[in-house]
Amino acid sequence: MSARIPPRSGIAVRLARGDILTVIDPEGGQVSDMLAIADGDPGEILSNGRTFDYEETLRLTTGARLWSNRSRVMLTIMEDTAPQHDFLLTPCSQGTFRHFYPDKPMHHGCFGNLADALAPYGLEADAIPTAFNIFMNVTIAPDGRIAVLPPGTKPGDFVRFRAEMDLVVGLTACSAYASNGGSFKPIDYEIAATTTAY
């Protein structure tokens, strides 16, 4: 299965354990916020803190695992052609637009898109944590200051995940100006079932 997420929108998909999810930047320079919850139990959710703790790195790429708040592996990064991802910053929201873009039209952002997409699976908006910001370029200066720069992805760059449990995954084509270099583009994704026994 392959599909496209239109600019500034979001979707949710189910993954069975062992399924392969590939997220693709078809045009380059576009971020996709990803959130995962355990299928049937939205109380178990993707955790940046657990992931940083157990993986012992801020640089999450091929071979890294993404962990839940209950210390279980949710996803493994199998292959990654992108120059970077971010797991520090929360999904953009109406608050983000008021704070950073007061002169721009209001948008409910990735937060609103994830909330809408995952609500049918029992996730309440207030429970949305930091998403795994695929392709996002966040730098940390020696003095600790954070900067959001345009993504360094080229057309066709991708990251491939394996689901390590039954999941519901929310994906967006990000809505924030700084995250995407001032423009908004689609995100493609593919899901492949595996025949590997677990």
# chains A, B, ... in the order shown; residues from 1 in each chain; ligands from 1
>>> select_by_dssp(residues="segment 21-152 of chain A", states="alpha helix (DSSP H)", output="list in words")
Asn48, Gly49, Arg50, Thr51, Phe52, Asp53, Tyr54, Glu55, Gln94, Gly95, Thr96, Phe97, Arg98, His99, Phe100, Gly109, Cys110, Phe111, Gly112, Asn113, Leu114, Ala115, Asp116, Ala117 and Leu118 of chain A
>>> residues_around(residues="segment 2-19 of chain A", least_positions_apart="6", cutoff="10 Å", atoms="only C-alpha atoms", output="PyMOL selection string")
chain A and resi 26+30+32-39+74-75+107-121+161-176+183-198
>>> residues_around(residues="segment 47-57 of chain A", least_positions_apart="5", cutoff="6 Å", atoms="only C-alpha atoms", output="list in words")
Leu66, Trp67, Ser68 and Asn69 of chain A
>>> write_last_selection(atoms="N, CA and C atoms", output="CSV table (one decimal), in the first residue's frame")
chain,number,residue,atom,x,y,z
A,66,LEU,N,12.7,3.2,18.6
A,66,LEU,CA,11.9,4.2,19.2
A,66,LEU,C,11.0,3.5,20.3
A,67,TRP,N,11.1,4.0,21.5
A,67,TRP,CA,10.5,3.4,22.7
A,67,TRP,C,9.2,4.0,23.1
A,68,SER,N,8.4,3.3,23.8
A,68,SER,CA,7.1,3.8,24.4
A,68,SER,C,7.4,4.3,25.8
A,69,ASN,N,6.4,5.0,26.4
A,69,ASN,CA,6.4,5.4,27.7
A,69,ASN,C,6.4,4.3,28.7
>>> residues_around(residues="His85 of chain A", least_positions_apart="3", cutoff="6 Å", atoms="only C-alpha atoms", output="ChimeraX atom specification")
/A:133-136
>>> closest_residue(among="A:Pro91, A:Asp103, A:Glu27, A:Thr22", to="Pro151 of chain A", atoms="only C-alpha atoms")
A:Glu27
>>> atom_distance(atom1="atom CA of Gln94 of chain A", atom2="atom CA of Thr139 of chain A")
23.3 Å
>>> atom_distance(atom1="atom CA of Leu88 of chain A", atom2="atom CA of Phe100 of chain A")
17.1 Å
>>> atom_distance(atom1="atom CA of Arg59 of chain A", atom2="atom CA of Gln84 of chain A")
7.5 Å
>>> closest_residue(among="A:Val73, A:Leu60, A:Val138, A:Met1", to="Ile20 of chain A", atoms="only C-alpha atoms")
A:Met1
>>> select_by_dssp(residues="segment 53-148 of chain A", states="strand (DSSP E or B)", output="PyMOL selection string")
chain A and resi 65-68+73-80+86+132-134+137-140+146-148
>>> residues_around(residues="Ala82 of chain A", least_positions_apart="2", cutoff="7 Å", atoms="only C-alpha atoms", output="short mmCIF file (atom, residue, chain, number, x, y, z; two decimals) with C-alpha atoms, in the first residue's frame")
data_model
loop_
_atom_site.label_atom_id
_atom_site.label_comp_id
_atom_site.auth_asym_id
_atom_site.auth_seq_id
_atom_site.Cartn_x
_atom_site.Cartn_y
_atom_site.Cartn_z
CA ASP A 80 17.47 5.94 6.57
CA GLN A 84 18.63 14.24 10.15
CA PHE A 135 13.32 14.96 8.21
CA THR A 153 16.36 16.21 2.42
CA ASP A 157 14.83 10.63 0.68
CA PHE A 158 13.14 8.20 3.03
CA VAL A 159 13.20 6.48 6.40
#
>>> closest_residue(among="A:Gly63, A:Pro129, A:Gly182, A:Gly156", to="Val23 of chain A", atoms="only C-alpha atoms")
A:Gly156
>>> decode(residues="segment 32-185 of chain A", atoms="C-alpha atoms", output="mmCIF file, in the first residue's frame")
data_model
loop_
_atom_site.group_PDB
_atom_site.id
_atom_site.type_symbol
_atom_site.label_atom_id
_atom_site.label_comp_id
_atom_site.auth_asym_id
_atom_site.auth_seq_id
_atom_site.Cartn_x
_atom_site.Cartn_y
_atom_site.Cartn_z
ATOM 1 C CA SER A 32 6.545 14.738 8.694
ATOM 2 C CA ASP A 33 5.568 14.499 12.367
ATOM 3 C CA MET A 34 5.044 10.881 13.459
ATOM 4 C CA LEU A 35 3.284 9.625 16.570
ATOM 5 C CA ALA A 36 2.657 6.001 17.545
ATOM 6 C CA ILE A 37 0.294 4.446 20.080
ATOM 7 C CA ALA A 38 -0.270 0.819 20.974
ATOM 8 C CA ASP A 39 -3.245 -0.461 19.003
ATOM 9 C CA GLY A 40 -6.128 -0.816 21.446
ATOM 10 C CA ASP A 41 -4.348 1.030 24.278
ATOM 11 C CA PRO A 42 -3.666 4.729 23.637
ATOM 12 C CA GLY A 43 -2.162 4.977 27.123
ATOM 13 C CA GLU A 44 1.001 3.461 25.665
ATOM 14 C CA ILE A 45 2.554 6.084 23.433
ATOM 15 C CA LEU A 46 5.818 7.072 21.795
ATOM 16 C CA SER A 47 8.279 8.654 24.246
ATOM 17 C CA ASN A 48 11.243 10.820 23.325
ATOM 18 C CA GLY A 49 12.587 10.662 26.876
ATOM 19 C CA ARG A 50 12.611 6.856 27.022
ATOM 20 C CA THR A 51 14.088 6.720 23.515
ATOM 21 C CA PHE A 52 16.957 9.105 24.287
ATOM 22 C CA ASP A 53 17.600 7.295 27.569
ATOM 23 C CA TYR A 54 17.740 3.760 26.169
ATOM 24 C CA GLU A 55 19.353 4.561 22.805
ATOM 25 C CA GLU A 56 21.890 6.892 24.479
ATOM 26 C CA THR A 57 21.955 9.301 21.546
ATOM 27 C CA LEU A 58 20.150 12.280 20.062
ATOM 28 C CA ARG A 59 21.039 11.080 16.559
ATOM 29 C CA LEU A 60 18.369 8.510 15.714
ATOM 30 C CA THR A 61 19.030 6.774 12.424
ATOM 31 C CA THR A 62 19.486 3.274 10.987
ATOM 32 C CA GLY A 63 19.471 0.694 13.771
ATOM 33 C CA ALA A 64 17.917 2.952 16.406
ATOM 34 C CA ARG A 65 14.741 1.946 18.193
ATOM 35 C CA LEU A 66 11.864 4.216 19.209
ATOM 36 C CA TRP A 67 10.489 3.367 22.668
ATOM 37 C CA SER A 68 7.136 3.797 24.408
ATOM 38 C CA ASN A 69 6.427 5.435 27.744
ATOM 39 C CA ARG A 70 6.185 1.884 29.138
ATOM 40 C CA SER A 71 9.737 1.021 28.087
ATOM 41 C CA ARG A 72 8.792 -1.205 25.161
ATOM 42 C CA VAL A 73 10.193 -0.901 21.651
ATOM 43 C CA MET A 74 7.548 0.389 19.244
ATOM 44 C CA LEU A 75 9.535 0.887 16.025
ATOM 45 C CA THR A 76 12.994 0.108 14.679
ATOM 46 C CA ILE A 77 14.626 2.276 12.014
ATOM 47 C CA MET A 78 15.686 -0.206 9.332
ATOM 48 C CA GLU A 79 17.005 2.189 6.687
ATOM 49 C CA ASP A 80 17.467 5.942 6.573
ATOM 50 C CA THR A 81 18.693 8.159 3.722
ATOM 51 C CA ALA A 82 17.802 11.483 5.354
ATOM 52 C CA PRO A 83 20.467 13.744 6.854
ATOM 53 C CA GLN A 84 18.631 14.237 10.152
ATOM 54 C CA HIS A 85 15.446 13.912 12.211
ATOM 55 C CA ASP A 86 14.284 15.688 15.380
ATOM 56 C CA PHE A 87 12.802 14.286 18.582
ATOM 57 C CA LEU A 88 13.063 17.418 20.756
ATOM 58 C CA LEU A 89 10.304 19.764 19.613
ATOM 59 C CA THR A 90 6.566 19.325 20.040
ATOM 60 C CA PRO A 91 4.143 19.297 17.084
ATOM 61 C CA CYS A 92 3.297 22.753 15.781
ATOM 62 C CA SER A 93 -0.087 23.997 16.995
ATOM 63 C CA GLN A 94 -2.254 27.078 17.125
ATOM 64 C CA GLY A 95 -0.073 28.169 20.039
ATOM 65 C CA THR A 96 2.991 27.758 17.826
ATOM 66 C CA PHE A 97 1.442 30.000 15.199
ATOM 67 C CA ARG A 98 0.499 32.658 17.753
ATOM 68 C CA HIS A 99 4.036 32.593 19.201
ATOM 69 C CA PHE A 100 6.223 32.368 16.097
ATOM 70 C CA TYR A 101 3.992 33.473 13.202
ATOM 71 C CA PRO A 102 1.637 36.184 14.528
ATOM 72 C CA ASP A 103 1.551 37.807 11.080
ATOM 73 C CA LYS A 104 0.572 34.553 9.314
ATOM 74 C CA PRO A 105 -2.876 32.947 8.978
ATOM 75 C CA MET A 106 -3.751 30.717 11.939
ATOM 76 C CA HIS A 107 -3.445 26.966 11.397
ATOM 77 C CA HIS A 108 -4.091 24.080 13.797
ATOM 78 C CA GLY A 109 -0.785 22.567 12.730
ATOM 79 C CA CYS A 110 0.539 19.048 13.155
ATOM 80 C CA PHE A 111 -0.869 18.942 16.674
ATOM 81 C CA GLY A 112 -4.395 19.458 15.386
ATOM 82 C CA ASN A 113 -3.880 17.060 12.491
ATOM 83 C CA LEU A 114 -2.552 14.343 14.806
ATOM 84 C CA ALA A 115 -5.351 14.948 17.307
ATOM 85 C CA ASP A 116 -7.987 14.620 14.581
ATOM 86 C CA ALA A 117 -6.393 11.535 13.035
ATOM 87 C CA LEU A 118 -5.856 9.671 16.314
ATOM 88 C CA ALA A 119 -9.078 10.635 18.123
ATOM 89 C CA PRO A 120 -10.988 7.661 16.607
ATOM 90 C CA TYR A 121 -8.407 5.389 18.282
ATOM 91 C CA GLY A 122 -8.997 6.850 21.730
ATOM 92 C CA LEU A 123 -6.128 9.339 22.016
ATOM 93 C CA GLU A 124 -7.102 12.611 23.668
ATOM 94 C CA ALA A 125 -5.437 15.787 22.448
ATOM 95 C CA ASP A 126 -3.944 16.598 25.865
ATOM 96 C CA ALA A 127 -2.091 13.261 25.793
ATOM 97 C CA ILE A 128 -0.151 14.077 22.614
ATOM 98 C CA PRO A 129 3.577 14.150 23.458
ATOM 99 C CA THR A 130 6.594 15.167 21.410
ATOM 100 C CA ALA A 131 6.361 13.546 17.988
ATOM 101 C CA PHE A 132 9.256 12.015 16.071
ATOM 102 C CA ASN A 133 9.808 14.793 13.553
ATOM 103 C CA ILE A 134 10.937 12.959 10.441
ATOM 104 C CA PHE A 135 13.322 14.962 8.212
ATOM 105 C CA MET A 136 13.275 17.975 10.597
ATOM 106 C CA ASN A 137 16.546 19.915 10.922
ATOM 107 C CA VAL A 138 17.036 21.191 14.475
ATOM 108 C CA THR A 139 20.489 22.382 15.524
ATOM 109 C CA ILE A 140 21.869 22.908 19.024
ATOM 110 C CA ALA A 141 24.535 25.596 19.441
ATOM 111 C CA PRO A 142 27.389 25.258 21.960
ATOM 112 C CA ASP A 143 25.503 27.609 24.284
ATOM 113 C CA GLY A 144 22.447 25.329 24.105
ATOM 114 C CA ARG A 145 20.359 27.550 21.853
ATOM 115 C CA ILE A 146 18.045 25.662 19.479
ATOM 116 C CA ALA A 147 17.432 26.661 15.856
ATOM 117 C CA VAL A 148 14.987 25.224 13.326
ATOM 118 C CA LEU A 149 16.520 25.185 9.849
ATOM 119 C CA PRO A 150 15.091 24.004 6.517
ATOM 120 C CA PRO A 151 15.276 20.230 6.058
ATOM 121 C CA GLY A 152 18.303 18.926 4.227
ATOM 122 C CA THR A 153 16.363 16.212 2.420
ATOM 123 C CA LYS A 154 16.504 15.687 -1.325
ATOM 124 C CA PRO A 155 13.549 14.448 -3.398
ATOM 125 C CA GLY A 156 13.040 10.774 -2.667
ATOM 126 C CA ASP A 157 14.835 10.633 0.681
ATOM 127 C CA PHE A 158 13.139 8.200 3.031
ATOM 128 C CA VAL A 159 13.196 6.481 6.396
ATOM 129 C CA ARG A 160 11.970 2.900 6.832
ATOM 130 C CA PHE A 161 10.562 1.551 10.097
ATOM 131 C CA ARG A 162 9.577 -1.912 11.308
ATOM 132 C CA ALA A 163 6.677 -2.110 13.750
ATOM 133 C CA GLU A 164 7.698 -4.054 16.854
ATOM 134 C CA MET A 165 4.133 -4.248 18.183
ATOM 135 C CA ASP A 166 0.641 -3.658 16.840
ATOM 136 C CA LEU A 167 0.415 0.101 16.424
ATOM 137 C CA VAL A 168 -1.637 3.016 15.249
ATOM 138 C CA VAL A 169 0.672 5.588 13.671
ATOM 139 C CA GLY A 170 -0.209 9.205 12.973
ATOM 140 C CA LEU A 171 1.694 10.970 10.182
ATOM 141 C CA THR A 172 1.556 14.543 8.945
ATOM 142 C CA ALA A 173 2.879 16.761 6.207
ATOM 143 C CA CYS A 174 4.059 19.498 8.558
ATOM 144 C CA SER A 175 2.370 22.897 8.627
ATOM 145 C CA ALA A 176 5.002 25.174 10.219
ATOM 146 C CA TYR A 177 6.875 27.693 8.081
ATOM 147 C CA ALA A 178 10.342 27.393 9.657
ATOM 148 C CA SER A 179 10.289 23.599 9.722
ATOM 149 C CA ASN A 180 9.787 23.397 5.951
ATOM 150 C CA GLY A 181 11.830 26.339 4.712
ATOM 151 C CA GLY A 182 8.729 28.461 4.199
ATOM 152 C CA SER A 183 6.926 26.143 1.779
ATOM 153 C CA PHE A 184 4.546 23.211 2.181
ATOM 154 C CA LYS A 185 4.757 19.964 0.251
#
